[in-house]
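Structure file input25.txt (compact mmCIF, C-alpha atoms and all ligand atoms) is printed below.
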```
# COMPACT_ATOMS: atom_id res chain seq x y z
CA MET A 239 24.57 31.48 -13.90
CA VAL A 240 23.71 27.80 -14.31
CA PRO A 241 21.91 26.56 -11.17
CA GLU A 242 22.45 23.18 -9.63
CA LEU A 243 20.62 20.82 -11.99
CA LYS A 244 19.05 17.47 -11.30
CA ALA A 245 16.72 15.48 -13.53
CA ALA A 246 13.30 14.70 -12.04
CA ASN A 247 13.28 11.20 -13.54
CA LEU A 248 9.55 10.85 -12.94
CA PRO A 249 7.59 8.08 -14.67
CA SER A 250 5.27 9.03 -17.53
CA THR A 251 2.50 7.32 -19.48
CA VAL A 252 2.74 9.76 -22.40
CA LYS A 253 2.91 8.16 -25.84
CA THR A 254 5.86 10.12 -27.16
CA GLU A 255 5.01 9.31 -30.79
CA GLY A 256 1.48 10.78 -30.32
CA GLN A 257 0.47 13.77 -32.45
CA MET A 258 -0.33 16.15 -29.58
CA TYR A 259 2.92 15.46 -27.77
CA GLN A 260 4.86 15.96 -30.99
CA ARG A 261 3.04 19.24 -31.61
CA TRP A 262 3.83 20.36 -28.07
CA LEU A 263 7.51 19.58 -28.69
CA ARG A 264 7.45 21.67 -31.87
CA GLN A 265 5.53 24.67 -30.52
CA ASN A 266 6.33 24.87 -26.82
CA VAL A 267 9.85 23.45 -26.44
CA ARG A 268 13.00 25.32 -27.45
CA GLY A 269 16.62 24.29 -27.67
CA HIS A 270 19.17 25.24 -25.05
CA ARG A 271 22.86 26.06 -24.89
CA GLN A 272 23.26 22.96 -22.75
CA PRO A 273 22.54 20.15 -25.24
CA HIS A 274 20.75 17.92 -22.74
CA LEU A 275 18.40 20.73 -21.58
CA ARG A 276 15.31 22.41 -23.04
CA ALA A 277 13.35 25.62 -22.35
CA VAL A 278 9.65 24.79 -22.07
CA THR A 279 6.83 27.31 -22.33
CA LEU A 280 3.58 26.55 -20.52
CA SER A 281 0.61 28.09 -22.30
CA PHE A 282 -1.65 30.42 -20.35
CA LYS A 283 -4.09 30.93 -23.24
CA ARG A 284 -7.09 28.90 -22.18
CA VAL A 285 -10.85 28.94 -22.51
CA GLY A 286 -12.37 30.45 -19.36
CA PHE A 287 -9.26 32.42 -18.37
CA ALA A 288 -8.01 35.82 -19.41
CA PRO A 289 -4.70 35.55 -21.30
CA GLY A 290 -1.91 35.16 -18.76
CA ASP A 291 -4.20 34.63 -15.76
CA ALA A 292 -3.76 31.85 -13.21
CA ASP A 293 -5.55 31.13 -9.95
CA ALA A 294 -3.80 30.47 -6.62
CA ASP A 295 -4.03 26.67 -6.89
CA THR A 296 -2.45 26.75 -10.34
CA LEU A 297 0.36 28.98 -9.07
CA ASP A 298 1.03 26.53 -6.22
CA ALA A 299 1.15 23.67 -8.72
CA LEU A 300 3.46 25.69 -10.97
CA ALA A 301 5.85 26.27 -8.08
CA ARG A 302 6.01 22.50 -7.61
CA LEU A 303 6.63 21.99 -11.34
CA ALA A 304 9.45 24.54 -11.27
CA ASP A 305 11.02 22.76 -8.30
CA GLN A 306 10.67 19.32 -9.88
CA PHE A 307 11.65 20.13 -13.45
CA SER A 308 13.52 23.45 -13.66
CA ALA A 309 15.87 23.97 -10.70
CA GLY A 310 13.16 25.98 -8.93
CA GLU A 311 13.15 28.63 -11.65
CA ALA A 312 10.31 29.93 -13.84
CA ARG A 313 10.14 33.05 -16.00
CA LEU A 314 7.14 35.09 -17.10
CA THR A 315 7.31 35.81 -20.81
CA HIS A 316 6.44 38.94 -22.75
CA GLU A 317 3.67 36.90 -24.40
CA GLN A 318 1.97 36.29 -21.03
CA ASN A 319 3.07 32.67 -20.62
CA LEU A 320 5.47 30.99 -18.23
CA MET A 321 8.76 29.38 -19.21
CA LEU A 322 10.69 26.70 -17.37
CA PRO A 323 14.27 27.33 -18.51
CA TRP A 324 16.19 24.31 -17.13
CA VAL A 325 14.30 21.17 -18.18
CA PHE A 326 16.17 17.94 -18.88
CA GLU A 327 15.27 16.50 -22.28
CA SER A 328 14.63 13.17 -20.58
CA ASP A 329 11.99 14.84 -18.34
CA LEU A 330 9.90 16.26 -21.20
CA PRO A 331 7.24 13.48 -21.25
CA ALA A 332 6.66 13.74 -17.49
CA LEU A 333 6.51 17.55 -17.65
CA TYR A 334 4.05 17.39 -20.56
CA GLU A 335 1.85 15.03 -18.56
CA ALA A 336 1.90 17.29 -15.50
CA ALA A 337 1.25 20.44 -17.59
CA ARG A 338 -1.66 18.72 -19.34
CA VAL A 339 -3.30 17.94 -15.99
CA LEU A 340 -3.10 21.67 -15.16
CA GLY A 341 -4.51 22.64 -18.59
CA LEU A 342 -1.24 24.36 -19.54
CA ALA A 343 -0.04 22.09 -22.36
CA GLN A 344 -1.87 23.62 -25.33
CA PRO A 345 0.60 23.42 -28.22
CA ASN A 346 -0.19 26.96 -29.32
CA ILE A 347 2.90 29.03 -28.53
CA GLY A 348 3.36 31.60 -31.31
CA LEU A 349 0.03 30.72 -32.93
CA ILE A 350 -2.99 33.00 -33.18
CA SER A 351 -4.57 31.91 -29.88
CA ASP A 352 -1.32 32.83 -28.09
CA MET A 353 -2.44 36.47 -28.02
CA ILE A 354 -1.13 39.35 -25.91
CA VAL A 355 -3.99 41.21 -24.24
CA CYS A 356 -4.02 44.04 -21.68
CA PRO A 357 -6.58 43.95 -18.82
CA GLY A 358 -8.68 46.67 -20.52
CA GLY A 359 -11.83 48.15 -19.07
CA ASP A 360 -12.59 45.25 -16.72
CA PHE A 361 -9.65 46.24 -14.51
CA CYS A 362 -7.94 49.39 -15.81
CA SER A 363 -9.36 52.85 -15.07
CA LEU A 364 -7.59 54.31 -18.11
CA ALA A 365 -9.30 52.01 -20.61
CA ASN A 366 -11.52 53.16 -23.45
CA ALA A 367 -12.91 49.67 -23.98
CA ARG A 368 -12.82 46.17 -22.55
CA SER A 369 -10.24 43.77 -23.97
CA LEU A 370 -11.08 40.59 -22.11
CA PRO A 371 -14.50 39.81 -23.68
CA ILE A 372 -12.92 40.17 -27.14
CA ALA A 373 -10.04 37.90 -26.05
CA ALA A 374 -12.55 35.35 -24.70
CA ALA A 375 -14.48 35.33 -28.00
CA LEU A 376 -11.27 34.91 -30.03
CA THR A 377 -9.99 32.20 -27.68
CA GLU A 378 -13.25 30.26 -28.20
CA LEU A 379 -12.99 30.80 -31.94
CA PHE A 380 -9.47 29.39 -32.18
CA GLN A 381 -9.77 26.11 -30.28
CA ASP A 382 -9.23 23.85 -33.30
CA ILE A 383 -5.55 23.02 -33.00
CA ASP A 384 -5.38 21.70 -36.59
CA GLU A 385 -6.76 24.99 -37.86
CA ILE A 386 -4.46 27.26 -35.87
CA THR A 387 -1.42 25.11 -36.63
CA ASP A 388 -2.28 25.39 -40.32
CA LEU A 389 -2.53 29.19 -39.95
CA GLY A 390 1.02 29.21 -38.59
CA PRO A 391 2.73 31.96 -36.61
CA ILE A 392 0.49 35.00 -36.11
CA ASP A 393 0.94 37.69 -33.45
CA LEU A 394 -2.44 38.99 -32.29
CA HIS A 395 -2.11 41.88 -29.83
CA MET A 396 -4.86 43.86 -28.11
CA SER A 397 -4.93 47.05 -26.02
CA GLY A 398 -7.86 48.71 -24.27
CA CYS A 399 -6.57 52.23 -24.98
CA ILE A 400 -3.85 54.10 -26.82
CA ASN A 401 -1.42 53.59 -23.93
CA SER A 402 -0.79 50.33 -25.77
CA CYS A 403 0.07 48.00 -22.89
CA GLY A 404 -1.07 45.11 -25.14
CA HIS A 405 1.31 46.30 -27.92
CA HIS A 406 -1.52 46.27 -30.47
CA HIS A 407 0.59 48.36 -32.87
CA SER A 408 3.21 45.59 -33.16
CA GLY A 409 0.73 42.75 -33.72
CA HIS A 410 0.46 41.19 -37.15
CA ILE A 411 -3.19 41.72 -36.26
CA GLY A 412 -3.72 44.54 -33.76
CA ILE A 413 -6.90 45.49 -31.92
CA LEU A 414 -7.24 48.82 -30.07
CA GLY A 415 -10.21 49.77 -27.91
CA VAL A 416 -11.54 53.26 -28.63
CA ASP A 417 -14.34 55.34 -27.15
CA LYS A 418 -16.84 56.98 -29.48
CA ASP A 419 -19.79 58.79 -27.90
CA GLY A 420 -19.33 56.82 -24.71
CA LYS A 421 -19.48 53.46 -26.51
CA GLU A 422 -16.80 50.79 -26.95
CA TRP A 423 -15.40 50.34 -30.46
CA TYR A 424 -12.35 48.56 -31.77
CA GLN A 425 -9.83 49.74 -34.33
CA VAL A 426 -8.13 46.92 -36.23
CA THR A 427 -4.60 47.24 -37.60
CA LEU A 428 -2.68 44.85 -39.82
CA GLY A 429 0.96 44.31 -40.64
CA GLY A 430 2.60 45.36 -37.39
CA SER A 431 5.67 43.55 -36.21
CA ASP A 432 7.83 43.58 -33.09
CA GLY A 433 10.87 42.69 -35.18
CA THR A 434 11.16 39.12 -33.95
CA HIS A 435 9.79 37.58 -37.13
CA LEU A 436 12.44 36.39 -39.56
CA SER A 437 11.20 38.49 -42.42
CA GLY A 438 11.37 42.03 -41.24
CA PRO A 439 11.99 44.92 -38.87
CA ALA A 440 9.77 46.28 -36.10
CA ILE A 441 6.97 48.33 -37.63
CA GLY A 442 3.54 49.65 -36.62
CA GLY A 443 0.42 48.15 -38.16
CA LYS A 444 -1.91 50.12 -40.47
CA VAL A 445 -5.56 50.77 -39.62
CA VAL A 446 -7.97 48.90 -41.93
CA GLY A 447 -10.85 51.38 -41.69
CA PRO A 448 -13.43 52.81 -39.28
CA SER A 449 -13.72 51.05 -35.93
CA PHE A 450 -15.73 47.88 -35.45
CA SER A 451 -18.23 46.87 -32.80
CA ALA A 452 -17.25 44.17 -30.30
CA ALA A 453 -19.55 41.67 -32.03
CA GLU A 454 -17.89 42.35 -35.39
CA VAL A 455 -14.30 41.81 -34.26
CA PRO A 456 -14.24 37.96 -34.42
CA ASP A 457 -15.81 38.07 -37.90
CA VAL A 458 -13.27 40.66 -39.02
CA VAL A 459 -10.38 38.50 -37.79
CA GLU A 460 -11.87 35.46 -39.52
CA ALA A 461 -12.29 37.40 -42.77
CA VAL A 462 -8.65 38.49 -42.63
CA LEU A 463 -7.51 34.90 -42.03
CA THR A 464 -9.67 33.56 -44.86
CA THR A 465 -8.04 36.12 -47.14
CA TYR A 466 -4.63 34.94 -45.98
CA ARG A 467 -5.52 31.30 -46.71
CA ASP A 468 -6.80 32.26 -50.17
CA LEU A 469 -3.73 34.30 -51.09
CA ARG A 470 -0.80 32.47 -49.55
CA THR A 471 1.47 30.65 -51.98
CA SER A 472 1.54 27.64 -49.66
CA ALA A 473 1.09 26.80 -45.98
CA ALA A 474 4.80 27.57 -45.59
CA GLU A 475 4.22 31.26 -46.35
CA HIS A 476 3.45 32.93 -43.03
CA PHE A 477 0.60 35.40 -42.58
CA ILE A 478 2.87 38.43 -42.27
CA ASP A 479 4.82 37.43 -45.38
CA THR A 480 1.65 37.06 -47.47
CA LEU A 481 0.44 40.46 -46.23
CA ARG A 482 3.75 42.08 -47.16
CA ARG A 483 3.83 40.38 -50.56
CA VAL A 484 0.27 41.20 -51.72
CA GLY A 485 -0.24 44.45 -49.77
CA HIS A 486 -2.99 45.51 -47.37
CA GLU A 487 -5.83 46.13 -49.83
CA PRO A 488 -7.40 42.64 -50.09
CA PHE A 489 -7.20 42.25 -46.32
CA LYS A 490 -8.75 45.68 -45.77
CA GLN A 491 -11.58 44.90 -48.15
CA ALA A 492 -12.29 41.59 -46.43
CA ALA A 493 -12.23 43.21 -42.98
CA ASN A 494 -14.61 45.99 -43.98
CA ALA A 495 -16.96 43.56 -45.75
CA ALA A 496 -17.37 41.71 -42.44
CA ARG A 497 -19.22 44.62 -40.82
CA HIS A 498 -22.64 43.64 -39.49
CA ASP A 499 -24.26 47.00 -39.99
CA PRO A 500 -25.13 47.47 -43.68
CA GLY A 501 -25.76 51.20 -43.02
CA HIS A 502 -22.19 51.56 -41.83
CA ARG A 503 -20.99 49.74 -44.95
CA ALA A 504 -23.09 51.98 -47.20
CA SER A 505 -21.93 55.19 -45.53
CA ARG A 506 -18.35 54.00 -45.74
CA ALA A 507 -18.76 53.18 -49.44
CA ALA A 508 -20.31 56.61 -50.07
CA ALA A 509 -17.47 58.33 -48.22
CA GLU A 510 -14.92 56.42 -50.27
CA ALA A 511 -16.74 57.21 -53.53
CA ALA A 512 -16.77 60.90 -52.67
CA ALA A 513 -13.08 60.93 -51.77
S1 LIG B 1 -3.55 49.73 -22.74
FE1 LIG B 1 -4.86 51.17 -21.65
S2 LIG B 1 -6.55 49.89 -20.92
FE2 LIG B 1 -4.87 48.50 -21.39
S3 LIG B 1 -3.79 48.27 -19.42
FE3 LIG B 1 -2.77 49.89 -20.61
S4 LIG B 1 -3.67 51.79 -19.84
FE4 LIG B 1 -5.05 50.10 -19.26
```
Using structure tokens, write down the structure from this file.
Amino acid sequence: MVPELKAANLPSTVKTEGQMYQRWLRQNVRGHRQPHLRAVTLSFKRVGFAPGDADADTLDALARLADQFSAGEARLTHEQNLMLPWVFESDLPALYEAARVLGLAQPNIGLISDMIVCPGGDFCSLANARSLPIAAALTELFQDIDEITDLGPIDLHMSGCINSCGHHHSGHIGILGVDKDGKEWYQVTLGGSDGTHLSGPAIGGKVVGPSFSAAEVPDVVEAVLTTYRDLRTSAAEHFIDTLRRVGHEPFKQAANAARHDPGHRASRAAAEAAA
């Protein structure tokens, strides 16, 4: 049901022709059945915070934003962000300005830093491994907005155990915490999809090889992305489409070559030679 709607009509100093505002419009703002309205996603993927986390002061400020800009309504999204579903198009600059003050205006919705991550071993007694330190390392790694915009839409999902609360299996890049001999390791999968991407159905990702250490995971992800950049036909070909076109092998090879432990690489090579 459409609530009672009223534009905030707040003043704004935002330069609407500026690059960051335009990027925010492209990544974080969606069309609406009502032509004068927009659905706006505030990004909760920030350095220093676990994906989806907010402190009490931020939640208070968000409640005010929802009242001012979205008929008092906000929705949590599957991707661990927050959407304001009833925003007047004319209020977008003022909302952007307010979200930027709160640190929630990163134009990264749907990009690699917009990852889904379960609480893992820091909070969950079922976990095999921690997720949040890996998420923090990847969040730091992907702060260059030009770089992640160039990489395009990539779903990165991470779970701390096979219960899969982070939906690692449906990530284009999936990371699963596993326990080997009481130590934390991470299995990496590629090619999963939750079925929302234009090019294909929901499917589970395939494991690239033996598990990686926590320190190796960022390098493995970088190696996979470098392979994507090298093999894509153009920046318009999305990661998942390149992977489906060329197959998993070059990505697997790049991921396994990123291991830090040469002994692990050698034993892996020997095992493959003997197979
Ligand atoms: S996937 Fe495992 S570790 Fe993560 S929240 Fe679910 S049960 Fe806990």
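Comparing the minimum interatomic distances between ligand LIG 1 (chain B) and each of A:Ala343, A:Val355, A:Ile372, A:Leu333, counting all atoms listed in the file, we find that A:Val355 sits nearest.
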Using all atoms listed in the file, determine which residues fall within 8 Å of ligand LIG 1 (chain B), then list them as a count of residues only.
-> 24
Between CA of Ile411 (chain A) and CA of Leu469 (chain A) - distance in Å to one decimal | 16.6 Å
For region 392-394 of chain A, work out the shell of residues within 9 Å, counting all atoms listed in the file and skipping chain neighbours fewer than 2 positions away, then give it as a ChimeraX atom specification.
-> /A:348-355,389-390,396,406,408-413,430-431,476-478
Using CA of Asp417 (chain A) and CA of Lys490 (chain A) as the two end points, give the distance in Å to one decimal.
->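 Separation of CA of Asp417 (chain A) and CA of Lys490 (chain A): 21.7 Å.
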Nearest to Asp384 (chain A), restricted to all atoms listed in the file and choosing among A:Ala246, A:Met258, A:Leu314, A:Tyr424, comes out as A:Met258
Quick one: pull the distance between CA of Thr279 (chain A) and CA of Pro371 (chain A), Å, one decimal.
->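 Atom-to-atom, CA of Thr279 (chain A) and CA of Pro371 (chain A) are spaced 24.8 Å apart.
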Shell of 12 Å around Leu320 (chain A), only C-alpha atoms, local chain residues under 6 positions omitted, as a PDB file with C-alpha atoms, in the frame of the given file:
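Resulting contents of part.pdb:
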```pdb
ATOM      1  CA  ASN A 266       6.330  24.870 -26.820  1.00  0.00           C
ATOM      2  CA  VAL A 267       9.850  23.450 -26.440  1.00  0.00           C
ATOM      3  CA  ALA A 277      13.350  25.620 -22.350  1.00  0.00           C
ATOM      4  CA  VAL A 278       9.650  24.790 -22.070  1.00  0.00           C
ATOM      5  CA  THR A 279       6.830  27.310 -22.330  1.00  0.00           C
ATOM      6  CA  LEU A 280       3.580  26.550 -20.520  1.00  0.00           C
ATOM      7  CA  SER A 281       0.610  28.090 -22.300  1.00  0.00           C
ATOM      8  CA  PHE A 282      -1.650  30.420 -20.350  1.00  0.00           C
ATOM      9  CA  LYS A 283      -4.090  30.930 -23.240  1.00  0.00           C
ATOM     10  CA  PRO A 289      -4.700  35.550 -21.300  1.00  0.00           C
ATOM     11  CA  GLY A 290      -1.910  35.160 -18.760  1.00  0.00           C
ATOM     12  CA  ASP A 291      -4.200  34.630 -15.760  1.00  0.00           C
ATOM     13  CA  ALA A 292      -3.760  31.850 -13.210  1.00  0.00           C
ATOM     14  CA  THR A 296      -2.450  26.750 -10.340  1.00  0.00           C
ATOM     15  CA  LEU A 297       0.360  28.980  -9.070  1.00  0.00           C
ATOM     16  CA  LEU A 300       3.460  25.690 -10.970  1.00  0.00           C
ATOM     17  CA  ALA A 301       5.850  26.270  -8.080  1.00  0.00           C
ATOM     18  CA  LEU A 303       6.630  21.990 -11.340  1.00  0.00           C
ATOM     19  CA  ALA A 304       9.450  24.540 -11.270  1.00  0.00           C
ATOM     20  CA  SER A 308      13.520  23.450 -13.660  1.00  0.00           C
ATOM     21  CA  GLU A 311      13.150  28.630 -11.650  1.00  0.00           C
ATOM     22  CA  ALA A 312      10.310  29.930 -13.840  1.00  0.00           C
ATOM     23  CA  ARG A 313      10.140  33.050 -16.000  1.00  0.00           C
ATOM     24  CA  LEU A 314       7.140  35.090 -17.100  1.00  0.00           C
ATOM     25  CA  ALA A 337       1.250  20.440 -17.590  1.00  0.00           C
ATOM     26  CA  LEU A 342      -1.240  24.360 -19.540  1.00  0.00           C
ATOM     27  CA  ALA A 343      -0.040  22.090 -22.360  1.00  0.00           C
ATOM     28  CA  ILE A 347       2.900  29.030 -28.530  1.00  0.00           C
TER      29      ILE A 347
END
```
Can you tell me, as a list in words, which residues sit within 10 Å of (-13.5, 52.4, -32.5) in the file's frame, using only C-alpha atoms?
-> Asn366, Ala367, Ile413, Leu414, Gly415, Val416, Asp417, Lys418, Lys421, Glu422, Trp423, Tyr424, Gln425, Val426, Gly447, Pro448, Ser449, Phe450, Ser451 and Ala452 of chain A
Which residue of A:Asn319, A:Ser250, A:Thr464, A:Glu454 approaches Glu385 (chain A) most closely, using all atoms listed in the file =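 Smallest distance to Glu385 (chain A) is found for A:Thr464.
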So, counting only C-alpha atoms, which residue among A:Ala299, A:Ala336, A:Val325, A:Val285 is closest to Arg271 (chain A)?
-> A:Val325
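Minimum distance to Ser328 (chain A) across A:Gly286, A:Pro345, A:Pro249, A:Gly310 (counting only C-alpha atoms) occurs at A:Pro249.
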Taking into account all atoms listed in the file, which residue in the set A:Leu340, A:Val462, A:Ser472, A:Glu242 is nearest to Asp295 (chain A)?
->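 The shortest atom-to-atom distance to Asp295 (chain A) comes from A:Leu340.
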